[in-house]
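To be precise, the following lines are my_file14.txt, and they hold compact mmCIF, C-alpha atoms.
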```txt
# COMPACT_ATOMS: atom_id res chain seq x y z
CA MET T 1 -17.82 -9.08 -42.04
CA LYS T 2 -20.90 -8.20 -40.03
CA GLN T 3 -22.52 -11.55 -40.95
CA THR T 4 -19.36 -13.44 -39.96
CA LYS T 5 -19.31 -11.73 -36.57
CA ARG T 6 -22.97 -12.58 -35.95
CA LEU T 7 -22.37 -16.20 -36.97
CA ALA T 8 -19.32 -16.45 -34.68
CA LEU T 9 -21.24 -14.95 -31.74
CA ALA T 10 -24.21 -17.29 -32.32
CA ALA T 11 -21.86 -20.29 -32.43
CA LEU T 12 -20.13 -19.14 -29.24
CA LEU T 13 -23.43 -18.74 -27.38
CA THR T 14 -24.70 -22.12 -28.66
CA ALA T 15 -21.52 -23.77 -27.35
CA LEU T 16 -21.96 -21.97 -24.01
CA ALA T 17 -25.61 -23.10 -23.76
CA LEU T 18 -24.59 -26.70 -24.53
CA ALA T 19 -21.85 -26.56 -21.89
CA LEU T 20 -24.28 -25.18 -19.27
CA ASN T 21 -26.84 -27.82 -20.25
CA TYR T 22 -24.22 -30.53 -19.76
CA THR T 23 -22.80 -29.06 -16.54
CA GLU T 24 -26.13 -28.86 -14.76
CA ARG T 25 -26.54 -32.63 -15.10
CA MET T 26 -23.84 -32.89 -12.43
CA PHE T 27 -26.17 -31.28 -9.86
CA PRO T 28 -27.98 -34.11 -8.03
CA LEU T 29 -31.37 -32.37 -8.41
CA PRO T 30 -33.24 -35.44 -9.79
CA LEU T 31 -32.13 -37.38 -6.71
CA LEU T 32 -33.73 -34.76 -4.45
CA VAL T 33 -36.86 -34.41 -6.61
CA PRO T 34 -37.27 -37.64 -8.61
CA LEU T 35 -39.46 -36.29 -11.39
CA PRO T 36 -38.73 -36.44 -15.12
CA GLY T 37 -37.60 -33.09 -16.49
CA VAL T 38 -36.39 -31.57 -13.21
CA LYS T 39 -33.36 -29.33 -13.81
CA LEU T 40 -32.02 -25.86 -13.06
CA GLY T 41 -32.27 -24.63 -16.64
CA LEU T 42 -28.97 -22.73 -16.65
CA ALA T 43 -28.96 -22.65 -20.46
CA ASN T 44 -31.93 -20.32 -20.17
CA VAL T 45 -29.48 -17.55 -19.17
CA VAL T 46 -28.08 -17.74 -22.71
CA THR T 47 -31.58 -17.61 -24.25
CA LEU T 48 -32.44 -14.57 -22.12
CA PHE T 49 -29.16 -12.86 -23.06
CA ALA T 50 -29.75 -13.55 -26.76
CA LEU T 51 -33.33 -12.24 -26.54
CA CYS T 52 -32.26 -8.99 -24.86
CA TYR T 53 -29.06 -8.23 -26.77
CA LEU T 54 -29.34 -9.99 -30.14
CA GLY T 55 -33.06 -10.12 -30.90
CA ARG T 56 -35.67 -12.83 -31.33
CA THR T 57 -34.36 -14.34 -34.56
CA MET T 58 -30.89 -14.91 -33.13
CA ALA T 59 -32.36 -16.23 -29.86
CA PHE T 60 -34.52 -18.66 -31.83
CA THR T 61 -31.56 -19.81 -33.95
CA ILE T 62 -29.29 -20.35 -30.93
CA LEU T 63 -32.02 -22.25 -29.07
CA ALA T 64 -32.81 -24.47 -32.09
CA ALA T 65 -29.10 -25.26 -32.55
CA ARG T 66 -28.69 -26.02 -28.83
CA ILE T 67 -31.72 -28.37 -28.76
CA PHE T 68 -30.68 -30.23 -31.92
CA LEU T 69 -26.99 -30.53 -31.00
CA GLY T 70 -27.84 -31.43 -27.39
CA ALA T 71 -29.92 -34.38 -28.58
CA LEU T 72 -27.23 -35.34 -31.12
CA PHE T 73 -24.36 -35.28 -28.59
CA ALA T 74 -26.40 -37.13 -25.96
CA GLY T 75 -27.44 -39.70 -28.58
CA ASN T 76 -31.00 -39.34 -27.33
CA PHE T 77 -33.35 -38.16 -30.06
CA SER T 78 -36.39 -39.32 -28.07
CA ALA T 79 -35.72 -36.35 -25.76
CA LEU T 80 -35.82 -33.92 -28.71
CA LEU T 81 -39.59 -33.37 -28.51
CA TYR T 82 -39.42 -32.59 -24.76
CA SER T 83 -36.56 -30.11 -25.19
CA ALA T 84 -38.15 -28.50 -28.25
CA MET T 85 -41.63 -28.01 -26.77
CA GLY T 86 -40.23 -26.81 -23.45
CA GLY T 87 -37.54 -24.59 -24.97
CA PHE T 88 -39.67 -22.89 -27.63
CA LEU T 89 -42.64 -22.30 -25.31
CA ALA T 90 -40.25 -20.71 -22.79
CA LEU T 91 -38.74 -18.54 -25.58
CA ILE T 92 -42.18 -17.34 -26.73
CA VAL T 93 -43.32 -16.49 -23.18
CA MET T 94 -40.06 -14.68 -22.33
CA ALA T 95 -40.13 -12.73 -25.63
CA LEU T 96 -43.70 -11.59 -24.85
CA PHE T 97 -42.99 -10.51 -21.27
CA ILE T 98 -39.69 -8.77 -22.06
CA ARG T 99 -41.77 -6.35 -24.16
CA SER T 100 -44.06 -5.53 -21.21
CA LYS T 101 -41.23 -3.55 -19.50
CA ARG T 102 -42.84 -4.19 -16.08
CA LEU T 103 -41.00 -7.40 -15.24
CA SER T 104 -37.31 -7.65 -14.42
CA LEU T 105 -35.01 -10.50 -15.43
CA TYR T 106 -36.32 -12.42 -12.39
CA GLY T 107 -39.99 -12.34 -13.40
CA VAL T 108 -39.27 -13.10 -17.07
CA SER T 109 -37.03 -15.97 -16.03
CA ILE T 110 -39.63 -17.43 -13.61
CA LEU T 111 -42.36 -17.31 -16.28
CA GLY T 112 -39.94 -18.83 -18.82
CA ALA T 113 -39.13 -21.70 -16.44
CA ALA T 114 -42.84 -22.34 -15.80
CA ALA T 115 -43.55 -22.28 -19.56
CA HIS T 116 -40.67 -24.70 -20.11
CA ASN T 117 -42.20 -27.19 -17.68
CA ILE T 118 -45.68 -26.81 -19.20
CA GLY T 119 -44.20 -27.47 -22.65
CA GLN T 120 -42.41 -30.58 -21.41
CA ILE T 121 -45.57 -31.93 -19.78
CA GLY T 122 -47.38 -31.26 -23.09
CA ALA T 123 -44.72 -33.31 -24.90
CA ALA T 124 -45.06 -36.11 -22.32
CA LEU T 125 -48.83 -36.10 -22.85
CA ILE T 126 -48.28 -36.61 -26.59
CA VAL T 127 -45.60 -39.30 -26.15
CA LEU T 128 -47.26 -41.28 -23.32
CA GLY T 129 -50.88 -40.82 -24.36
CA ASN T 130 -51.71 -40.80 -20.64
CA SER T 131 -53.01 -37.90 -18.53
CA ALA T 132 -51.24 -39.24 -15.40
CA VAL T 133 -48.27 -37.04 -16.31
CA ILE T 134 -50.31 -33.90 -15.47
CA GLY T 135 -49.99 -34.97 -11.82
CA TYR T 136 -46.31 -33.91 -12.01
CA LEU T 137 -47.11 -30.38 -13.19
CA PRO T 138 -47.91 -28.78 -9.79
CA VAL T 139 -44.53 -29.82 -8.33
CA LEU T 140 -42.69 -28.79 -11.49
CA LEU T 141 -44.41 -25.37 -11.44
CA VAL T 142 -43.45 -24.76 -7.78
CA LEU T 143 -39.88 -25.77 -8.61
CA SER T 144 -39.88 -23.44 -11.62
CA VAL T 145 -40.28 -20.46 -9.25
CA ALA T 146 -37.05 -21.53 -7.51
CA SER T 147 -35.12 -22.44 -10.68
CA GLY T 148 -36.39 -19.30 -12.48
CA SER T 149 -35.19 -17.16 -9.56
CA VAL T 150 -31.73 -18.75 -9.72
CA THR T 151 -31.38 -18.21 -13.49
CA GLY T 152 -32.87 -14.72 -13.07
CA ALA T 153 -30.22 -13.88 -10.46
CA LEU T 154 -27.44 -15.23 -12.69
CA SER T 155 -28.80 -13.23 -15.63
CA ALA T 156 -28.92 -10.07 -13.51
CA LEU T 157 -25.24 -10.58 -12.57
CA LEU T 158 -24.34 -11.12 -16.22
CA PHE T 159 -26.30 -8.08 -17.44
CA ARG T 160 -24.76 -5.82 -14.77
CA ALA T 161 -21.33 -7.04 -15.83
CA MET T 162 -22.26 -6.26 -19.44
CA ASP T 163 -23.28 -2.73 -18.38
CA ALA T 164 -19.90 -2.26 -16.69
CA THR T 165 -17.83 -3.42 -19.68
CA LYS T 166 -19.15 -0.68 -22.03
CA LEU T 167 -18.43 -3.09 -24.87
CA GLN T 168 -18.88 -1.80 -28.40
CA TRP T 169 -20.30 -4.79 -30.24
CA ASN T 170 -20.45 -3.20 -33.69
CA ILE T 171 -22.44 -6.13 -35.04
CA MET V 1 -26.86 -5.07 -31.95
CA SER V 2 -27.58 -3.04 -28.83
CA THR V 3 -24.82 -2.65 -26.28
CA LYS V 4 -27.24 -2.27 -23.37
CA SER V 5 -30.54 -3.92 -22.63
CA SER V 6 -33.30 -1.86 -21.02
CA ILE V 7 -34.78 -4.76 -19.02
CA LYS V 8 -34.75 -4.24 -15.22
CA ARG V 9 -32.03 -6.00 -13.23
CA SER V 10 -33.64 -5.92 -9.76
CA PHE V 11 -36.49 -7.97 -8.32
CA GLY V 12 -39.68 -5.91 -8.07
CA PHE V 13 -43.40 -6.02 -7.31
CA PHE V 14 -44.42 -7.41 -10.71
CA ASP V 15 -41.83 -10.18 -10.38
CA ALA V 16 -43.43 -11.21 -7.07
CA LEU V 17 -46.78 -11.14 -8.87
CA ALA V 18 -45.41 -13.41 -11.63
CA ALA V 19 -44.10 -15.87 -9.01
CA ALA V 20 -47.46 -15.78 -7.19
CA PHE V 21 -49.27 -16.42 -10.50
CA VAL V 22 -47.16 -19.56 -11.12
CA LEU V 23 -47.81 -20.80 -7.55
CA VAL V 24 -51.57 -20.22 -7.91
CA LEU V 25 -51.51 -22.07 -11.23
CA ALA V 26 -49.71 -24.98 -9.51
CA ALA V 27 -52.36 -25.04 -6.75
CA LEU V 28 -55.20 -24.99 -9.30
CA VAL V 29 -53.70 -27.87 -11.31
CA ALA V 30 -53.08 -29.83 -8.09
CA PHE V 31 -56.65 -29.25 -6.94
CA GLY V 32 -58.05 -30.24 -10.34
CA PHE V 33 -55.92 -33.37 -10.50
CA TYR V 34 -55.83 -34.63 -6.90
CA GLY V 35 -58.58 -32.68 -5.15
CA GLN V 36 -61.56 -34.68 -6.33
CA GLY V 37 -60.78 -37.55 -3.95
CA GLY V 38 -60.36 -41.18 -4.93
CA SER V 39 -62.83 -42.82 -7.25
CA ASP V 40 -65.14 -45.53 -6.02
CA GLY V 41 -63.99 -49.09 -5.55
CA PRO V 42 -60.89 -50.65 -4.07
CA LEU V 43 -57.38 -49.27 -4.61
CA THR V 44 -56.34 -50.39 -8.09
CA ALA V 45 -53.07 -50.15 -10.02
CA THR V 46 -53.35 -49.72 -13.78
CA VAL V 47 -50.23 -50.32 -15.88
CA THR V 48 -50.13 -48.76 -19.35
CA LEU V 49 -47.44 -49.12 -21.99
CA ASP V 50 -47.28 -46.71 -24.93
CA GLY V 51 -50.86 -45.59 -24.22
CA GLU V 52 -52.32 -49.12 -24.01
CA THR V 53 -53.43 -50.75 -20.76
CA ILE V 54 -51.45 -53.95 -20.19
CA GLY V 55 -52.78 -54.79 -16.73
CA VAL V 56 -55.27 -53.76 -14.03
CA TYR V 57 -54.55 -55.01 -10.49
CA PRO V 58 -56.95 -54.57 -7.53
CA LEU V 59 -54.47 -54.04 -4.72
CA ALA V 60 -56.80 -54.08 -1.70
CA THR V 61 -57.62 -57.76 -2.20
CA MET V 62 -54.03 -58.72 -2.90
CA GLY V 63 -52.64 -61.11 -0.32
CA GLU V 64 -48.98 -61.42 -1.18
CA GLU V 65 -46.82 -59.03 -3.14
CA LEU V 66 -46.83 -59.40 -6.90
CA LEU V 67 -43.70 -58.82 -8.99
CA LEU V 68 -44.27 -57.75 -12.61
CA THR V 69 -41.70 -57.66 -15.39
CA PRO V 70 -43.64 -56.30 -18.39
CA GLU V 71 -42.48 -57.60 -21.76
CA GLY V 72 -41.63 -55.49 -24.77
CA LEU V 73 -39.86 -52.74 -22.82
CA SER V 74 -36.82 -50.99 -24.25
CA TYR V 75 -35.33 -50.99 -20.73
CA PRO V 76 -36.51 -53.96 -18.60
CA LEU V 77 -37.81 -53.11 -15.13
CA THR V 78 -39.50 -54.84 -12.20
CA ILE V 79 -42.66 -53.50 -10.54
CA ARG V 80 -43.69 -54.60 -7.04
CA LEU V 81 -47.40 -54.44 -6.21
CA THR V 82 -48.57 -54.86 -2.63
CA SER V 83 -51.92 -54.37 -0.92
CA ASP V 84 -51.00 -50.77 -0.04
CA GLY V 85 -49.36 -49.53 -3.21
CA ALA V 86 -46.80 -49.96 -5.97
CA GLU V 87 -43.15 -49.23 -6.71
CA VAL V 88 -40.47 -49.90 -9.31
CA ILE V 89 -37.80 -51.88 -7.49
CA GLU V 90 -35.39 -52.38 -10.37
CA SER V 91 -34.90 -50.62 -13.69
CA THR V 92 -32.32 -50.51 -16.46
CA CYS V 93 -33.60 -47.22 -17.94
CA PRO V 94 -31.04 -44.39 -18.24
CA THR V 95 -32.75 -41.82 -15.99
CA LEU V 96 -34.03 -44.12 -13.17
CA ASP V 97 -36.73 -41.52 -12.34
CA CYS V 98 -39.25 -44.37 -12.07
CA GLN V 99 -37.17 -46.13 -9.43
CA HIS V 100 -36.40 -42.89 -7.56
CA THR V 101 -40.12 -42.05 -7.39
CA GLY V 102 -40.35 -44.72 -4.68
CA HIS V 103 -43.52 -46.21 -3.24
CA ILE V 104 -46.90 -44.76 -4.25
CA HIS V 105 -50.01 -45.52 -2.20
CA ARG V 106 -52.71 -42.87 -2.82
CA SER V 107 -55.33 -42.62 -5.55
CA GLY V 108 -54.17 -40.33 -8.37
CA GLU V 109 -50.46 -40.98 -7.74
CA SER V 110 -48.42 -42.46 -10.55
CA ILE V 111 -44.97 -43.71 -11.47
CA ILE V 112 -43.84 -42.74 -14.96
CA CYS V 113 -40.94 -44.22 -16.90
CA LEU V 114 -40.51 -41.91 -19.89
CA PRO V 115 -37.82 -43.97 -21.69
CA ASN V 116 -40.16 -47.00 -21.61
CA LYS V 117 -43.37 -44.97 -22.11
CA LEU V 118 -44.73 -46.89 -19.10
CA VAL V 119 -47.19 -45.52 -16.52
CA ILE V 120 -48.35 -47.14 -13.26
CA ARG V 121 -51.33 -45.23 -11.88
CA LEU V 122 -53.35 -45.79 -8.71
CA SER V 123 -57.10 -45.21 -8.64
CA GLY V 124 -60.01 -45.98 -6.31
CA GLY V 125 -59.56 -46.50 -2.60
CA SER V 126 -61.86 -43.63 -1.63
CA GLY V 127 -63.85 -45.79 0.72
CA ASP V 128 -62.45 -48.03 3.42
CA GLY V 129 -64.66 -50.93 2.43
CA ILE V 130 -66.88 -50.45 5.49
CA ASP V 131 -70.54 -49.79 4.73
CA ALA V 132 -71.57 -48.66 8.24
CA VAL V 133 -70.28 -48.46 11.81
CA ILE V 134 -72.87 -49.04 14.53
CA GLY V 135 -72.90 -49.41 18.29
```
Written form, structure tokens:
Amino acid sequence: MKQTKRLALAALLTALALALNYTERMFPLPLLVPLPGVKLGLANVVTLFALCYLGRTMAFTILAARIFLGALFAGNFSALLYSAMGGFLALIVMALFIRSKRLSLYGVSILGAAAHNIGQIGAALIVLGNSAVIGYLPVLLVLSVASGSVTGALSALLFRAMDATKLQWNI
Amino acid sequence: MSTKSSIKRSFGFFDALAAAFVLVLAALVAFGFYGQGGSDGPLTATVTLDGETIGVYPLATMGEELLLTPEGLSYPLTIRLTSDGAEVIESTCPTLDCQHTGHIHRSGESIICLPNKLVIRLSGGSGDGIDAVIG
């Protein structure tokens, strides 16, 4: 029963992450900043939630499922490497800094967003075989402070709501 | 599974430090990439496809504009080269980031089309072509 509950929760969070990933494409951010890989990273809220409440293994599983299914639904497997390198580097960095206990959701989220962009630039370096792509990194890093703050604020709202519910997960 | 996470919910000093660290990192990368000034020689556009150079165009000596439509692309596009820079004026790629990048004109700047694995990069142009000014 416990396993079934965990599986159902992981599936629910994966679906939520996919929906957020899809929804944020409606924001005209790439029109304002025309750089490859520019996005808000709302799905990171789900990763952060999974890391804090469900543990690293579940967070990893949900992220892997979101990246694979996202590429499958979009019919764009060439983007898989970018999502995977960005997503997993962000997960590793956030998992490390959550343990430090000094940073809040904002700081962890900002560092996760920055790591995500570094991972994506690393993937672009591999795919393009051209160092010109590093020229995009400074702008992407500055934007990651803004996008990380937004996802950090959303996570803080979510976590406070979780505190108020006094939910008994029993999983 | 825990019902409450111990992570802080409010922005604090160490969060500001984390943001500052990312901004300093951005400045360092920018300085390392753009801060060395243009390389010697006239402003030149280099077009690479899938890691291989398919054309080198000295822009400073270019009289009229030159329109390029590289072959072998998954998503055909048109590049316009002029004496002061380069831009993608038309593209069929799904993201259109290359077209939205607009006109580039400084050494070190580039236009990247990820779906096509195509890069247009400017180099040179550090000097103004004048050896000395006297009188």
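Nearest residue to V:Gly51 among T:Ala59, T:Leu40, T:Leu143, T:Val133 is T:Val133, counting only C-alpha atoms.
The list of residues with at least one atom within 10 Å of V:Phe13, based on all atoms listed in the file and without residues fewer than 5 positions apart in the same chain, reads Arg102, Leu103, Ser104 and Gly107 of chain T; Ala18 of chain V.
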Sel. within 12 Å of pt (-39.5, -4.0, -18.7), counting only C-alpha atoms, output as a ChimeraX atom specification: /T:52,94-108 /V:5-12,14-15
Residues of the last selection are to be written out with C-alpha atoms, as a PDB file, in the coordinates of the input.
```pdb
ATOM      1  CA  CYS T  52     -32.260  -8.990 -24.860  1.00  0.00           C
ATOM      2  CA  MET T  94     -40.060 -14.680 -22.330  1.00  0.00           C
ATOM      3  CA  ALA T  95     -40.130 -12.730 -25.630  1.00  0.00           C
ATOM      4  CA  LEU T  96     -43.700 -11.590 -24.850  1.00  0.00           C
ATOM      5  CA  PHE T  97     -42.990 -10.510 -21.270  1.00  0.00           C
ATOM      6  CA  ILE T  98     -39.690  -8.770 -22.060  1.00  0.00           C
ATOM      7  CA  ARG T  99     -41.770  -6.350 -24.160  1.00  0.00           C
ATOM      8  CA  SER T 100     -44.060  -5.530 -21.210  1.00  0.00           C
ATOM      9  CA  LYS T 101     -41.230  -3.550 -19.500  1.00  0.00           C
ATOM     10  CA  ARG T 102     -42.840  -4.190 -16.080  1.00  0.00           C
ATOM     11  CA  LEU T 103     -41.000  -7.400 -15.240  1.00  0.00           C
ATOM     12  CA  SER T 104     -37.310  -7.650 -14.420  1.00  0.00           C
ATOM     13  CA  LEU T 105     -35.010 -10.500 -15.430  1.00  0.00           C
ATOM     14  CA  TYR T 106     -36.320 -12.420 -12.390  1.00  0.00           C
ATOM     15  CA  GLY T 107     -39.990 -12.340 -13.400  1.00  0.00           C
ATOM     16  CA  VAL T 108     -39.270 -13.100 -17.070  1.00  0.00           C
TER      17      VAL T 108
ATOM     18  CA  SER V   5     -30.540  -3.920 -22.630  1.00  0.00           C
ATOM     19  CA  SER V   6     -33.300  -1.860 -21.020  1.00  0.00           C
ATOM     20  CA  ILE V   7     -34.780  -4.760 -19.020  1.00  0.00           C
ATOM     21  CA  LYS V   8     -34.750  -4.240 -15.220  1.00  0.00           C
ATOM     22  CA  ARG V   9     -32.030  -6.000 -13.230  1.00  0.00           C
ATOM     23  CA  SER V  10     -33.640  -5.920  -9.760  1.00  0.00           C
ATOM     24  CA  PHE V  11     -36.490  -7.970  -8.320  1.00  0.00           C
ATOM     25  CA  GLY V  12     -39.680  -5.910  -8.070  1.00  0.00           C
ATOM     26  CA  PHE V  14     -44.420  -7.410 -10.710  1.00  0.00           C
ATOM     27  CA  ASP V  15     -41.830 -10.180 -10.380  1.00  0.00           C
TER      28      ASP V  15
END
```
Can I get the residues of chain V within 9 Å of chain T, each with the closest pair of atoms and their distance in Å to one decimal, using all atoms listed in the file, sorted chain first then ascending number, as a tab-separated table?
```
residue	atom	partner	partner_atom	distance
V:Met1	CA	T:Ile171	CA	5.5
V:Ser2	CA	T:Tyr53	CA	5.8
V:Thr3	CA	T:Gln168	CA	6.4
V:Lys4	CA	T:Asp163	CA	6.4
V:Ser5	CA	T:Cys52	CA	5.8
V:Ser6	CA	T:Cys52	CA	8.2
V:Ile7	CA	T:Ser104	CA	6.0
V:Lys8	CA	T:Ser104	CA	4.3
V:Arg9	CA	T:Ala156	CA	5.1
V:Ser10	CA	T:Ser104	CA	6.2
V:Phe11	CA	T:Tyr106	CA	6.0
V:Gly12	CA	T:Ser104	CA	7.0
V:Phe13	CA	T:Leu103	CA	8.4
V:Phe14	CA	T:Leu103	CA	5.7
V:Asp15	CA	T:Gly107	CA	4.1
V:Ala16	CA	T:Gly107	CA	7.3
V:Leu17	CA	T:Gly107	CA	8.3
V:Ala18	CA	T:Gly107	CA	5.8
V:Ala19	CA	T:Val145	CA	6.0
V:Ala20	CA	T:Val145	CA	8.8
V:Val22	CA	T:Leu141	CA	6.4
V:Leu23	CA	T:Val142	CA	5.9
V:Leu25	CA	T:Pro138	CA	7.7
V:Ala26	CA	T:Pro138	CA	4.2
V:Ala27	CA	T:Pro138	CA	6.6
V:Leu28	CA	T:Pro138	CA	8.2
V:Val29	CA	T:Pro138	CA	6.1
V:Ala30	CA	T:Pro138	CA	5.5
V:Phe33	CA	T:Gly135	CA	6.3
V:Tyr34	CA	T:Gly135	CA	7.6
V:Thr48	CA	T:Asn130	CA	8.2
V:Leu49	CA	T:Leu128	CA	8.0
V:Asp50	CA	T:Leu128	CA	5.7
V:Gly51	CA	T:Gly129	CA	4.8
V:Glu52	CA	T:Gly129	CA	8.4
V:Thr95	CA	T:Pro36	CA	8.1
V:Leu96	CA	T:Pro34	CA	8.6
V:Asp97	CA	T:Pro34	CA	5.4
V:Cys98	CA	T:Pro34	CA	7.8
V:Gln99	CA	T:Pro34	CA	8.5
V:His100	CA	T:Pro34	CA	5.4
V:Thr101	CA	T:Pro34	CA	5.4
V:Gly102	CA	T:Pro34	CA	8.7
V:Gly108	CA	T:Gly135	CA	7.6
V:Glu109	CA	T:Gly135	CA	7.3
V:Ser110	CA	T:Ala132	CA	6.5
V:Ile111	CA	T:Ala132	CA	8.6
V:Ile112	CA	T:Val133	CA	7.3
V:Cys113	CA	T:Pro36	CA	8.3
V:Leu114	CA	T:Pro36	CA	7.5
V:Pro115	CA	T:Ser78	CA	8.0
V:Lys117	CA	T:Leu128	CA	5.5
V:Leu118	CA	T:Leu128	CA	7.5
V:Val119	CA	T:Ala132	CA	7.6
V:Ile120	CA	T:Ala132	CA	8.7
V:Arg121	CA	T:Ala132	CA	6.9
```
Interatomic distance, atom CA of T:Asn117 to atom CA of T:Ser83 (Å, one decimal): 9.8 Å
Atom CA of V:Arg106 to atom CA of V:Thr78, distance in Å rounded to a single decimal: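 Atom CA of V:Arg106 sits 20.1 Å away from atom CA of V:Thr78.
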Pairwise distance for atom CA of T:Ala43 and atom CA of T:Ala65, rounded to one decimal in Å: 12.4 Å
Exercise on stretch 38-54 of chain V, axis-aligned box with 3 Å per side, report centre and edge lengths in Å to one decimal, as JSON:
```
{"center_x": -56.2, "center_y": -47.6, "center_z": -14.5, "size_x": 23.9, "size_y": 18.8, "size_z": 26.9}
```
Local residues around (-39.9, -51.8, -5.5), at most 7 Å away, using only C-alpha atoms, as a ChimeraX atom specification: /V:79-80,87-90
Shell of 6 Å around stretch 64-76 of chain V, all atoms listed in the file, local chain residues under 3 positions omitted, as a ChimeraX atom specification: /V:79-82,92-93,116
Who sits within 9 Å of V:Ala60, all atoms listed in the file, same chain under 6 positions skipped, as an MDAnalysis selection string: chainID V and resid 42:44 82:85 125
